[in-house]
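This is run-v2.csv. It holds CSV, C-alpha atoms and all ligand atoms.
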```csv
chain,number,residue,atom,x,y,z
A,1,MET,CA,-18.8,4.6,14.1
A,2,PHE,CA,-16.4,2.0,12.7
A,3,SER,CA,-14.3,2.5,9.5
A,4,PRO,CA,-14.6,-0.1,6.7
A,5,ASP,CA,-11.1,-1.5,7.4
A,6,ILE,CA,-11.9,-1.9,11.1
A,7,LEU,CA,-15.2,-3.7,10.2
A,8,GLN,CA,-13.1,-5.9,7.9
A,9,LYS,CA,-10.7,-6.7,10.8
A,10,PHE,CA,-13.7,-7.5,13.0
A,11,GLN,CA,-14.8,-10.2,10.5
A,12,SER,CA,-11.7,-12.2,11.0
A,13,ASN,CA,-11.8,-12.3,14.8
A,14,GLU,CA,-13.5,-14.8,17.0
A,15,THR,CA,-16.4,-13.2,18.9
A,16,PRO,CA,-17.1,-11.9,21.4
A,17,PHE,CA,-14.1,-9.6,21.8
A,18,TYR,CA,-13.3,-6.1,23.2
A,19,TYR,CA,-12.3,-3.6,20.7
A,20,TYR,CA,-10.2,-0.6,21.8
A,21,ASP,CA,-9.8,2.5,19.7
A,22,LEU,CA,-6.4,3.6,21.0
A,23,GLU,CA,-6.5,6.7,18.9
A,24,LEU,CA,-9.6,7.9,20.6
A,25,LEU,CA,-8.1,7.0,23.9
A,26,ASN,CA,-5.0,9.0,23.2
A,27,ASN,CA,-7.1,12.0,22.1
A,28,THR,CA,-9.1,11.8,25.2
A,29,LEU,CA,-6.0,11.6,27.4
A,30,LYS,CA,-4.5,14.6,25.6
A,31,ALA,CA,-7.7,16.6,26.1
A,32,CYS,CA,-7.7,15.8,29.8
A,33,LYS,CA,-4.0,16.5,30.2
A,34,THR,CA,-4.3,19.9,28.4
A,35,ALA,CA,-7.3,21.0,30.5
A,36,SER,CA,-5.8,19.8,33.9
A,37,ASP,CA,-2.4,21.4,33.2
A,38,LYS,CA,-4.1,24.7,32.5
A,39,TYR,CA,-5.1,24.8,36.2
A,40,ASP,CA,-2.1,23.0,37.5
A,41,PHE,CA,-4.2,20.0,38.6
A,42,HIS,CA,-2.8,16.5,39.1
A,43,VAL,CA,-4.7,13.6,37.6
A,44,HIS,CA,-4.5,10.0,38.8
A,45,TYR,CA,-6.1,7.3,36.7
A,46,ALA,CA,-8.5,5.0,38.6
A,47,PHE,CA,-7.1,1.6,37.7
A,48,LYS,CA,-10.3,-0.3,38.5
A,49,ALA,CA,-12.1,1.2,35.4
A,50,ASN,CA,-9.8,-0.7,33.1
A,51,PHE,CA,-6.5,-2.4,33.6
A,52,ASN,CA,-6.0,-3.6,30.1
A,53,GLU,CA,-2.2,-3.4,29.4
A,54,GLU,CA,-2.4,-1.3,26.3
A,55,VAL,CA,-4.8,1.1,28.0
A,56,LEU,CA,-2.5,1.4,31.0
A,57,LYS,CA,0.6,2.0,28.8
A,58,ALA,CA,-1.1,4.9,27.0
A,59,ILE,CA,-2.2,6.4,30.4
A,60,ASN,CA,1.3,6.1,31.9
A,61,ALA,CA,2.8,7.6,28.7
A,62,ILE,CA,0.7,10.8,29.2
A,63,GLY,CA,2.1,11.2,32.7
A,64,PHE,CA,-0.9,10.6,34.9
A,65,GLY,CA,-0.6,9.0,38.3
A,66,ALA,CA,-2.4,5.9,39.5
A,67,ASP,CA,-5.4,5.5,41.8
A,68,CYS,CA,-5.5,1.9,43.1
A,69,VAL,CA,-8.0,0.1,45.2
A,70,SER,CA,-6.2,-3.2,45.8
A,71,GLY,CA,-2.7,-4.4,46.5
A,72,ASN,CA,-2.5,-6.1,43.1
A,73,GLU,CA,-3.5,-2.8,41.4
A,74,VAL,CA,-0.6,-1.2,43.2
A,75,LYS,CA,1.7,-4.0,41.9
A,76,LYS,CA,0.4,-3.7,38.4
A,77,ALA,CA,0.9,0.1,38.4
A,78,ILE,CA,4.5,-0.3,39.3
A,79,GLU,CA,5.0,-3.1,36.8
A,80,VAL,CA,3.6,-1.0,34.0
A,81,GLY,CA,5.9,1.8,35.0
A,82,PHE,CA,3.9,4.2,37.0
A,83,ALA,CA,6.2,6.0,39.5
A,84,PRO,CA,5.5,4.9,43.1
A,85,ASP,CA,5.4,8.5,44.2
A,86,LYS,CA,2.4,9.0,41.9
A,87,ILE,CA,0.4,6.1,43.3
A,88,VAL,CA,-2.5,6.5,45.8
A,89,PHE,CA,-4.2,3.6,47.4
A,90,ALA,CA,-7.8,3.7,48.6
A,91,GLY,CA,-10.2,1.0,49.7
A,92,VAL,CA,-12.4,0.4,52.7
A,93,GLY,CA,-10.8,-3.0,53.4
A,94,LYS,CA,-7.1,-3.0,52.9
A,95,SER,CA,-5.5,-6.1,54.2
A,96,ASP,CA,-2.3,-6.1,56.3
A,97,LYS,CA,-0.5,-7.8,53.4
A,98,GLU,CA,-1.7,-5.1,51.0
A,99,ILE,CA,-0.6,-2.3,53.4
A,100,ASN,CA,2.8,-3.9,54.0
A,101,GLU,CA,3.4,-4.3,50.3
A,102,ALA,CA,2.4,-0.7,49.6
A,103,LEU,CA,4.7,0.5,52.4
A,104,ASP,CA,7.5,-1.5,50.8
A,105,SER,CA,6.8,0.1,47.5
A,106,ASN,CA,6.9,3.6,49.0
A,107,ILE,CA,3.7,4.7,47.4
A,108,PHE,CA,2.7,8.4,47.5
A,109,CYS,CA,-0.3,8.1,49.8
A,110,PHE,CA,-2.8,5.9,51.5
A,111,ASN,CA,-6.4,7.2,51.4
A,112,VAL,CA,-7.6,6.0,54.7
A,113,GLU,CA,-11.2,5.1,55.2
A,114,SER,CA,-11.6,4.5,59.0
A,115,ILE,CA,-10.1,5.5,62.3
A,116,GLN,CA,-9.2,1.8,63.0
A,117,GLU,CA,-7.3,1.7,59.7
A,118,LEU,CA,-5.2,4.7,60.8
A,119,GLY,CA,-4.1,2.7,63.8
A,120,ILE,CA,-3.2,-0.4,61.7
A,121,ILE,CA,-1.2,1.5,59.1
A,122,ASN,CA,0.7,3.3,61.9
A,123,GLU,CA,1.4,-0.1,63.6
A,124,LEU,CA,2.7,-1.7,60.4
A,125,ALA,CA,4.7,1.4,59.5
A,126,VAL,CA,6.3,1.3,63.0
A,127,LYS,CA,7.4,-2.3,62.4
A,128,LYS,CA,9.1,-1.3,59.2
A,129,GLY,CA,10.6,1.9,60.7
A,130,LYS,CA,8.8,3.9,58.0
A,131,LYS,CA,6.5,6.9,57.9
A,132,ALA,CA,3.4,6.4,55.8
A,133,LYS,CA,1.8,9.4,54.0
A,134,ILE,CA,-1.9,9.4,54.5
A,135,ALA,CA,-5.0,11.3,53.4
A,136,LEU,CA,-8.3,10.9,55.2
A,137,ARG,CA,-11.1,9.8,52.9
A,138,ILE,CA,-14.0,11.8,54.2
A,139,ASN,CA,-17.6,11.2,53.3
A,140,PRO,CA,-18.8,14.5,52.0
A,141,ASN,CA,-22.5,13.5,52.3
A,142,VAL,CA,-23.1,15.0,48.9
A,143,ASP,CA,-25.8,13.3,46.8
A,144,ALA,CA,-24.5,12.5,43.3
A,145,TYR,CA,-28.0,11.9,41.9
A,146,THR,CA,-26.9,8.8,40.1
A,147,HIS,CA,-28.2,5.2,40.5
A,148,HIS,CA,-28.3,4.2,44.1
A,149,TYR,CA,-26.0,1.3,43.4
A,150,ILE,CA,-23.1,3.6,42.5
A,151,THR,CA,-23.4,6.5,45.0
A,152,THR,CA,-20.5,6.4,47.5
A,153,GLY,CA,-20.6,9.8,49.1
A,154,LEU,CA,-23.6,9.5,51.4
A,155,GLU,CA,-23.3,8.8,55.2
A,156,GLU,CA,-25.2,5.5,54.7
A,157,ASN,CA,-22.5,4.2,52.3
A,158,LYS,CA,-19.7,2.0,53.6
A,159,PHE,CA,-16.9,4.3,52.3
A,160,GLY,CA,-14.9,6.9,54.1
A,161,ILE,CA,-14.9,8.6,57.4
A,162,ASN,CA,-18.0,10.6,58.4
A,163,GLN,CA,-17.7,14.2,59.4
A,164,TRP,CA,-18.9,13.6,63.0
A,165,GLU,CA,-15.8,11.4,63.4
A,166,LEU,CA,-13.3,14.1,62.5
A,167,PRO,CA,-12.6,15.3,66.0
A,168,THR,CA,-11.7,11.8,67.1
A,169,CYS,CA,-9.6,11.5,63.9
A,170,ALA,CA,-7.7,14.7,64.6
A,171,GLU,CA,-7.0,13.6,68.1
A,172,ALA,CA,-5.9,10.1,67.0
A,173,LEU,CA,-3.5,11.6,64.4
A,174,LYS,CA,-1.5,13.3,67.2
A,175,HIS,CA,-0.6,10.0,68.7
A,176,LEU,CA,0.3,8.1,65.5
A,177,PRO,CA,3.9,9.2,65.0
A,178,ASN,CA,4.5,7.0,61.9
A,179,LEU,CA,1.8,8.6,59.9
A,180,GLU,CA,2.3,11.8,57.9
A,181,PHE,CA,-1.1,13.4,57.5
A,182,ILE,CA,-0.8,15.2,54.1
A,183,GLY,CA,-4.4,15.8,53.0
A,184,ILE,CA,-8.0,15.1,52.6
A,185,HIS,CA,-9.7,12.9,50.0
A,186,PHE,CA,-13.3,12.7,48.7
A,187,HIS,CA,-15.1,10.6,46.1
A,188,VAL,CA,-18.8,11.4,45.6
A,189,GLY,CA,-19.8,8.6,43.3
A,190,SER,CA,-19.7,7.7,39.6
A,191,GLN,CA,-21.3,8.6,36.3
A,192,ILE,CA,-22.0,12.2,37.4
A,193,THR,CA,-23.1,14.4,34.5
A,194,ASN,CA,-24.5,17.2,36.5
A,195,LEU,CA,-21.6,19.5,37.2
A,196,ASP,CA,-23.5,21.1,40.1
A,197,VAL,CA,-22.7,18.0,42.1
A,198,PHE,CA,-19.0,19.0,41.9
A,199,LYS,CA,-19.8,22.5,43.0
A,200,SER,CA,-21.4,21.1,46.1
A,201,LEU,CA,-18.4,18.9,46.6
A,202,CYS,CA,-16.1,22.0,46.4
A,203,VAL,CA,-18.1,23.7,49.1
A,204,LYS,CA,-17.7,20.7,51.4
A,205,VAL,CA,-14.0,20.4,50.7
A,206,ASN,CA,-13.5,24.1,51.6
A,207,GLU,CA,-15.5,23.6,54.8
A,208,ILE,CA,-13.5,20.6,55.9
A,209,HIS,CA,-10.2,22.1,54.8
A,210,ASN,CA,-10.9,25.1,57.0
A,211,TRP,CA,-11.9,22.9,59.9
A,212,PHE,CA,-8.4,21.3,59.8
A,213,GLU,CA,-6.6,24.6,59.3
A,214,GLU,CA,-8.3,26.0,62.4
A,215,ARG,CA,-7.0,23.1,64.4
A,216,GLY,CA,-3.4,23.7,63.2
A,217,PHE,CA,-3.2,21.1,60.5
A,218,ARG,CA,-1.6,22.2,57.2
A,219,LEU,CA,-2.8,20.2,54.3
A,220,ARG,CA,-0.7,19.7,51.1
A,221,ILE,CA,-3.2,17.7,49.1
A,222,LEU,CA,-6.9,18.2,48.4
A,223,ASN,CA,-8.0,15.1,46.5
A,224,VAL,CA,-11.4,15.4,45.0
A,225,GLY,CA,-11.7,11.9,43.6
A,226,GLY,CA,-13.4,11.1,40.3
A,227,GLY,CA,-16.9,10.3,39.1
A,228,LEU,CA,-17.1,12.4,36.0
A,229,GLY,CA,-19.7,10.8,33.7
A,230,VAL,CA,-19.9,10.1,30.0
A,231,ASP,CA,-22.7,10.1,27.4
A,232,TYR,CA,-23.7,6.5,26.9
A,233,HIS,CA,-26.5,7.6,24.5
A,234,HIS,CA,-24.2,9.4,22.0
A,235,PRO,CA,-20.9,7.6,21.9
A,236,ASP,CA,-20.0,9.1,18.5
A,237,GLU,CA,-21.2,12.7,18.9
A,238,LYS,CA,-19.7,13.2,22.4
A,239,SER,CA,-16.8,10.8,22.4
A,240,ILE,CA,-14.6,13.1,24.5
A,241,VAL,CA,-15.9,14.6,27.7
A,242,ASP,CA,-15.7,18.4,28.2
A,243,PHE,CA,-12.8,18.2,30.6
A,244,GLU,CA,-12.3,22.0,30.4
A,245,ALA,CA,-15.8,22.6,31.9
A,246,TYR,CA,-15.2,20.1,34.6
A,247,PHE,CA,-11.8,21.4,35.8
A,248,LYS,CA,-13.0,24.9,35.6
A,249,ILE,CA,-15.6,24.2,38.3
A,250,PHE,CA,-12.9,23.2,40.7
A,251,ASP,CA,-10.7,26.1,39.7
A,252,GLN,CA,-13.5,28.4,40.5
A,253,PHE,CA,-14.9,26.9,43.7
A,254,ILE,CA,-12.0,25.2,45.5
A,255,GLN,CA,-10.0,27.5,47.8
A,256,ARG,CA,-6.4,26.5,47.3
A,257,LYS,CA,-3.7,27.9,49.5
A,258,ALA,CA,-0.2,28.6,48.2
A,259,GLY,CA,1.7,25.4,47.6
A,260,GLN,CA,-1.4,23.2,47.9
A,261,GLU,CA,-2.0,20.6,45.2
A,262,VAL,CA,-5.5,19.5,43.9
A,263,HIS,CA,-5.6,15.9,42.9
A,264,PHE,CA,-8.2,14.1,40.8
A,265,GLU,CA,-9.0,10.4,40.3
A,266,LEU,CA,-10.7,9.9,36.9
A,267,GLY,CA,-11.6,6.5,35.6
A,268,ARG,CA,-14.7,6.2,33.4
A,269,ALA,CA,-14.3,9.6,31.7
A,270,LEU,CA,-10.9,8.6,30.3
A,271,VAL,CA,-11.6,5.1,29.1
A,272,ALA,CA,-15.3,4.4,28.6
A,273,GLN,CA,-15.8,5.6,25.0
A,274,CYS,CA,-12.7,4.0,23.5
A,275,GLY,CA,-14.0,0.5,24.2
A,276,SER,CA,-16.8,-1.6,22.5
A,277,LEU,CA,-17.8,-5.2,23.1
A,278,ILE,CA,-18.2,-6.8,19.7
A,279,SER,CA,-20.5,-9.8,19.6
A,280,ARG,CA,-22.3,-12.0,17.0
A,281,VAL,CA,-26.0,-12.9,16.8
A,282,LEU,CA,-26.4,-16.6,17.4
A,283,TYR,CA,-30.1,-16.9,17.1
A,284,VAL,CA,-33.2,-14.8,16.5
A,285,LYS,CA,-36.4,-15.9,18.2
A,286,ASN,CA,-39.6,-14.4,17.1
A,287,GLY,CA,-42.4,-14.8,19.6
A,288,LEU,CA,-46.0,-13.6,19.7
A,289,LYS,CA,-45.3,-10.9,22.3
A,290,LYS,CA,-41.5,-10.6,22.1
A,291,ASN,CA,-38.6,-11.0,19.8
A,292,PHE,CA,-35.3,-12.0,21.1
A,293,VAL,CA,-31.8,-11.5,19.6
A,294,ILE,CA,-29.5,-14.0,21.3
A,295,LEU,CA,-25.8,-12.9,21.3
A,296,ASP,CA,-22.7,-14.8,21.9
A,297,ALA,CA,-21.7,-12.2,24.6
A,298,GLY,CA,-23.4,-12.0,28.0
A,299,MET,CA,-23.0,-10.9,31.5
A,300,THR,CA,-19.7,-12.8,31.7
A,301,GLU,CA,-18.2,-10.2,29.3
A,302,LEU,CA,-20.1,-7.1,30.2
A,303,MET,CA,-21.9,-7.0,33.5
A,304,ARG,CA,-23.0,-3.3,33.8
A,305,PRO,CA,-26.5,-3.7,32.4
A,306,MET,CA,-27.2,-6.6,34.8
A,307,LEU,CA,-25.4,-5.1,37.8
A,308,TYR,CA,-26.6,-1.5,37.6
A,309,GLN,CA,-29.4,-1.5,35.1
A,310,ALA,CA,-26.9,0.5,32.9
A,311,TYR,CA,-27.7,1.6,29.4
A,312,HIS,CA,-25.3,0.8,26.5
A,313,LYS,CA,-26.0,1.8,23.0
A,314,MET,CA,-26.1,-1.2,20.7
A,315,GLU,CA,-25.6,-1.2,16.9
A,316,ASN,CA,-26.0,-3.9,14.3
A,317,ILE,CA,-22.8,-3.2,12.3
A,318,THR,CA,-23.4,-5.8,9.7
A,319,GLN,CA,-26.6,-4.2,8.3
A,320,LYS,CA,-26.3,-3.1,4.8
A,321,ALA,CA,-27.7,0.2,3.6
A,322,GLY,CA,-31.4,0.0,2.6
A,323,GLU,CA,-32.3,-2.5,5.3
A,324,THR,CA,-34.7,-0.3,7.2
A,325,LYS,CA,-37.2,-2.6,8.8
A,326,ILE,CA,-37.1,-1.8,12.5
A,327,ILE,CA,-38.1,-4.4,15.0
A,328,LYS,CA,-38.2,-4.3,18.8
A,329,TYR,CA,-36.0,-6.9,20.4
A,330,ASP,CA,-34.9,-8.0,23.8
A,331,VAL,CA,-31.2,-8.4,23.3
A,332,VAL,CA,-29.9,-11.2,25.5
A,333,GLY,CA,-26.8,-13.2,26.2
A,334,PRO,CA,-26.3,-17.0,26.4
A,335,ILE,CA,-25.8,-17.2,30.2
A,336,CYS,CA,-28.1,-19.3,32.3
A,337,GLU,CA,-29.6,-16.4,34.2
A,338,SER,CA,-32.7,-14.4,33.4
A,339,THR,CA,-30.9,-11.2,34.2
A,340,ASP,CA,-28.5,-11.9,31.3
A,341,CYS,CA,-30.1,-9.2,29.2
A,342,PHE,CA,-28.4,-6.2,27.6
A,343,GLY,CA,-31.6,-4.3,26.7
A,344,LYS,CA,-35.3,-4.8,26.7
A,345,GLU,CA,-37.5,-3.7,23.8
A,346,VAL,CA,-34.6,-2.2,21.9
A,347,GLU,CA,-35.4,-0.8,18.5
A,348,PHE,CA,-33.1,-2.5,16.0
A,349,PRO,CA,-32.9,-3.1,12.3
A,350,GLU,CA,-34.1,-6.6,11.6
A,351,SER,CA,-31.2,-8.9,12.6
A,352,HIS,CA,-30.0,-12.2,11.4
A,353,ARG,CA,-27.8,-15.0,12.6
A,354,GLY,CA,-24.2,-14.0,12.1
A,355,ASP,CA,-24.7,-10.3,12.3
A,356,LEU,CA,-22.1,-8.4,14.3
A,357,ILE,CA,-23.5,-6.3,17.2
A,358,ALA,CA,-21.4,-3.5,18.8
A,359,ILE,CA,-22.2,-2.7,22.4
A,360,ARG,CA,-20.7,0.8,22.8
A,361,THR,CA,-19.1,2.8,25.6
A,362,ALA,CA,-17.8,-0.4,27.2
A,363,GLY,CA,-14.2,0.7,27.9
A,364,ALA,CA,-14.9,1.4,31.6
A,365,TYR,CA,-16.0,-1.3,34.0
A,366,GLY,CA,-16.4,-3.7,31.1
A,367,GLU,CA,-13.5,-6.1,30.5
A,368,VAL,CA,-12.3,-5.8,34.1
A,369,MET,CA,-15.6,-7.1,35.5
A,370,ALA,CA,-15.5,-10.2,33.2
A,371,SER,CA,-16.1,-13.5,35.0
A,372,GLY,CA,-15.6,-17.2,34.2
A,373,TYR,CA,-19.2,-18.1,35.2
A,374,ASN,CA,-20.5,-21.0,33.2
A,375,LEU,CA,-16.8,-21.8,32.5
A,376,ARG,CA,-16.8,-19.3,29.7
A,377,ASP,CA,-13.8,-18.4,27.6
A,378,ARG,CA,-12.1,-15.1,28.3
A,379,ALA,CA,-12.9,-12.5,25.6
A,380,LYS,CA,-9.8,-11.3,23.8
A,381,SER,CA,-8.9,-7.7,23.0
A,382,VAL,CA,-8.4,-6.1,19.6
A,383,TYR,CA,-6.9,-2.7,18.9
A,384,ASN,CA,-6.9,-0.3,16.0
A,385,LEU,CA,-3.3,0.6,16.5
A,386,LYS,CA,-0.6,-1.1,18.5
A,387,LEU,CA,1.5,1.1,20.7
A,388,SER,CA,5.2,0.3,20.9
A,401,LIG,C1,-13.8,4.2,41.4
A,401,LIG,C2,-13.1,5.3,42.0
A,401,LIG,C3,-12.7,6.4,41.2
A,401,LIG,C4,-13.0,6.5,39.8
A,401,LIG,O1,-14.4,6.7,39.5
A,401,LIG,P1,-14.9,7.0,38.0
A,401,LIG,O2,-16.4,7.1,38.2
A,401,LIG,O3,-14.5,5.9,37.2
A,401,LIG,O4,-14.3,8.3,37.6
A,401,LIG,C5,-12.0,7.4,41.9
A,401,LIG,N1,-11.7,7.3,43.2
A,401,LIG,C6,-12.0,6.2,43.9
A,401,LIG,C7,-11.7,6.2,45.4
A,401,LIG,C8,-12.8,5.2,43.4
A,401,LIG,O5,-13.1,4.2,44.1
```
Could you write out this file's structure as structure tokens?
Amino acid sequence: MFSPDILQKFQSNETPFYYYDLELLNNTLKACKTASDKYDFHVHYAFKANFNEEVLKAINAIGFGADCVSGNEVKKAIEVGFAPDKIVFAGVGKSDKEINEALDSNIFCFNVESIQELGIINELAVKKGKKAKIALRINPNVDAYTHHYITTGLEENKFGINQWELPTCAEALKHLPNLEFIGIHFHVGSQITNLDVFKSLCVKVNEIHNWFEERGFRLRILNVGGGLGVDYHHPDEKSIVDFEAYFKIFDQFIQRKAGQEVHFELGRALVAQCGSLISRVLYVKNGLKKNFVILDAGMTELMRPMLYQAYHKMENITQKAGETKIIKYDVVGPICESTDCFGKEVEFPESHRGDLIAIRTAGAYGEVMASGYNLRDRAKSVYNLKLS
């Protein structure tokens, strides 16, 4: 829902553009902070969901750490002001350059995804005379019941270390003196709305935690990753996720020992609802079998529908009251690819050239996945309030 003055502001901007409701973002961050503080949980923001500068500033201001998946994300986190001792670095293919830079920056922890990587980080740390803090990213083999393109926690996925490799890992760690093994890390997948998935994850975390304890390893950190989903169908009714219910699951089911910290890596749940892609109707094509609305935004601005068959609610925000004729449209972009379609057979009020269309819940994995394909201009960002 957009207020009249925001709609006014939209009129004067060149489309397409991303609109960020920083007030909603701040309220979401506060809700998450309050709920996580209640259980003494530590939250890291997953940078890859959105690294828009204003968004990052708001997240840093609330005091969350950073979860990075590339060397440049680590650099960006430090640039924006995140404390290095609150930065974790995951990724199945960290390059030597990225590892070296992260070692130089004294980040909090490397989340290590293979036995070979353990050896490489140790080797590079030896050369610098440093000790690298590491957590093992372990594949929990928990099904997230989401789209198969975005599950990460199954043994068939490329991410993490499988459970059958743990004995080899534990043995290797004894001979890698420049690594400090501080904990275990998991990430089941993304857009998880069934909280039972997180219960199953807790059971797995406890099991693996115990396995290490029995072998004399003391773990300081249990990092359970992210993946909490949002409601793409009801962006206004459920604009802030029920963080309390989410954290409560972990409080109930994770067995923490005294002094142990539980860490989270949330991306989507923090930023998805505050962003919308605002686009203009260029043309309307009425066919015999199909009607098309052709937008000035496409997969170059928002790729999720094309990449994961993801749903985004779309609204014609130019429609005046009383215009009630509903038509089924395929809403498509201008890019020279047949997959460049935001939605098929979408029920929409009759639309006209020049109407503004809001594609909602686009704050996560939207702007950050933009590309220059077809030599397209980069979409700008517009905010409802400017943070100092
Ligand atoms: C992407 C990612 C996250 C965040 O996932 P969301 O679904 O956005 O919460 C957390 N941890 C790791 C390791 C990731 O790759």
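Going from atom CA of A:Arg376 to atom O2 of ligand LIG 401 (chain A) covers 27.7 Å.
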>> Neighbours of ligand LIG 401 (chain A) at 7 Å or closer, counting only C-alpha atoms and all ligand atoms: which residues, as a list in words?
In response: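 I would give the residues around ligand LIG 401 (chain A) as Ala46, Lys48, Ala49, Asp67, Val69, Ala90, Gly91, His187, Gly189, Ser190, Gln191, Gly225, Gly226, Gly227, Leu228, Gly229, Glu265, Leu266, Gly267, Arg268 and Ala269 of chain A.
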Would you output that residue set with C-alpha atoms, as a compact mmCIF listing (two decimals), keeping the file's coordinate frame?
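Saved the output as part-v4.txt:
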```
# COMPACT_ATOMS: atom_id res chain seq x y z
CA ALA A 46 -8.50 5.00 38.60
CA LYS A 48 -10.30 -0.30 38.50
CA ALA A 49 -12.10 1.20 35.40
CA ASP A 67 -5.40 5.50 41.80
CA VAL A 69 -8.00 0.10 45.20
CA ALA A 90 -7.80 3.70 48.60
CA GLY A 91 -10.20 1.00 49.70
CA HIS A 187 -15.10 10.60 46.10
CA GLY A 189 -19.80 8.60 43.30
CA SER A 190 -19.70 7.70 39.60
CA GLN A 191 -21.30 8.60 36.30
CA GLY A 225 -11.70 11.90 43.60
CA GLY A 226 -13.40 11.10 40.30
CA GLY A 227 -16.90 10.30 39.10
CA LEU A 228 -17.10 12.40 36.00
CA GLY A 229 -19.70 10.80 33.70
CA GLU A 265 -9.00 10.40 40.30
CA LEU A 266 -10.70 9.90 36.90
CA GLY A 267 -11.60 6.50 35.60
CA ARG A 268 -14.70 6.20 33.40
CA ALA A 269 -14.30 9.60 31.70
```
>> List the spatial neighbours of A:Ala370 as a list of chain:residue names - criterion: any atom at most 6 Å away, only C-alpha atoms, same-chain residues fewer than 2 positions off excluded.
In response: A:Thr300, A:Glu301, A:Glu367, A:Val368
Counting all atoms listed in the file, which residues of stretch 196-311 of chain A sit at most 8 Å from some atom of stretch 33-43 of chain A, and what is each one's closest atom pair with its distance in Å to one decimal, listed by chain and rising residue number, as JSON lines?
```
{"residue": "A:Phe243", "atom": "CA", "partner": "A:Ala35", "partner_atom": "CA", "distance": 6.2}
{"residue": "A:Glu244", "atom": "CA", "partner": "A:Ala35", "partner_atom": "CA", "distance": 5.1}
{"residue": "A:Phe247", "atom": "CA", "partner": "A:Ser36", "partner_atom": "CA", "distance": 6.5}
{"residue": "A:Lys248", "atom": "CA", "partner": "A:Tyr39", "partner_atom": "CA", "distance": 7.9}
{"residue": "A:Asp251", "atom": "CA", "partner": "A:Tyr39", "partner_atom": "CA", "distance": 6.7}
{"residue": "A:Glu261", "atom": "CA", "partner": "A:Phe41", "partner_atom": "CA", "distance": 7.0}
{"residue": "A:Val262", "atom": "CA", "partner": "A:Phe41", "partner_atom": "CA", "distance": 5.5}
{"residue": "A:His263", "atom": "CA", "partner": "A:His42", "partner_atom": "CA", "distance": 4.8}
{"residue": "A:Phe264", "atom": "CA", "partner": "A:Val43", "partner_atom": "CA", "distance": 4.8}
{"residue": "A:Glu265", "atom": "CA", "partner": "A:Val43", "partner_atom": "CA", "distance": 6.0}
{"residue": "A:Leu266", "atom": "CA", "partner": "A:Val43", "partner_atom": "CA", "distance": 7.1}
```
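Residues lying within 12 Å of A:Lys289, counting all atoms listed in the file and ignoring same-chain neighbours fewer than 5 positions away, are A:Lys328, A:Tyr329, A:Asp330, A:Glu345.
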> From the set A:Ile192, A:Leu25, A:Ala245, A:Ile87, which residue has the shortest atom-to-atom contact distance to A:Ile59, counting only C-alpha atoms?
Replying inline: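 Residue with the minimum atom-to-atom distance to A:Ile59: A:Leu25.
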> Between atom CA of A:Pro4 and atom CA of A:Ser351, what is the distance, to one decimal in Å?
Replying inline: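 Distance between the two atoms: 19.7 Å.
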>> List the spatial neighbours of A:Ile99 as a PyMOL selection string - criterion: any atom at most 9 Å away, only C-alpha atoms, same-chain residues fewer than 2 positions off excluded.
In response: chain A and resi 71+94-97+101-104+110+120-121+124-125
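Here atom CA of A:Lys30 and atom CA of A:Tyr246 stand 15.0 Å from one another.
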> Looking at only C-alpha atoms, which of A:Val80, A:Leu201, A:Ala31, A:Ile357 is the one that sits closest to A:Leu295?
Replying inline: A:Ile357
> Quick one: of A:Ile254, A:Ile107, A:Leu270, A:Ala358, who's nearest to A:Ala297, counting all atoms listed in the file?
Replying inline: A:Ala358
> Skipping near chain neighbours, those fewer than 3 positions away, what residues fall within 9 Å of A:Met314 using only C-alpha atoms, listed as a list in words?
Replying inline: Phe342, Gly343, Val346, Phe348, Ile357, Ala358, Ile359 and Arg360 of chain A
> Counting all atoms listed in the file, which of A:Leu356, A:Ile327, A:Ile208, A:Val112 gets nearest to A:Pro140?
Replying inline: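 Looking only at the distances to A:Pro140, the closest residue turns out to be A:Ile208.
Distance check against A:Lys320 using only C-alpha atoms: of A:Asp355, A:Glu337, A:Asp242, A:Glu73, the minimum falls on A:Asp355.
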> Within 9 Å of (-0.8, 19.9, 53.9), in the coordinates the file gives, what residues turn up when you count all atoms listed in the file, written out as JSON, numbers by chain?
Replying inline: {"A": [181, 182, 183, 184, 217, 218, 219, 220, 221, 222, 259, 260, 261]}
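Take the candidates A:Gln319, A:Asn111, A:Ser338, A:Asn194 and check each one against A:Met299 using only C-alpha atoms; the shortest distance goes to A:Ser338.
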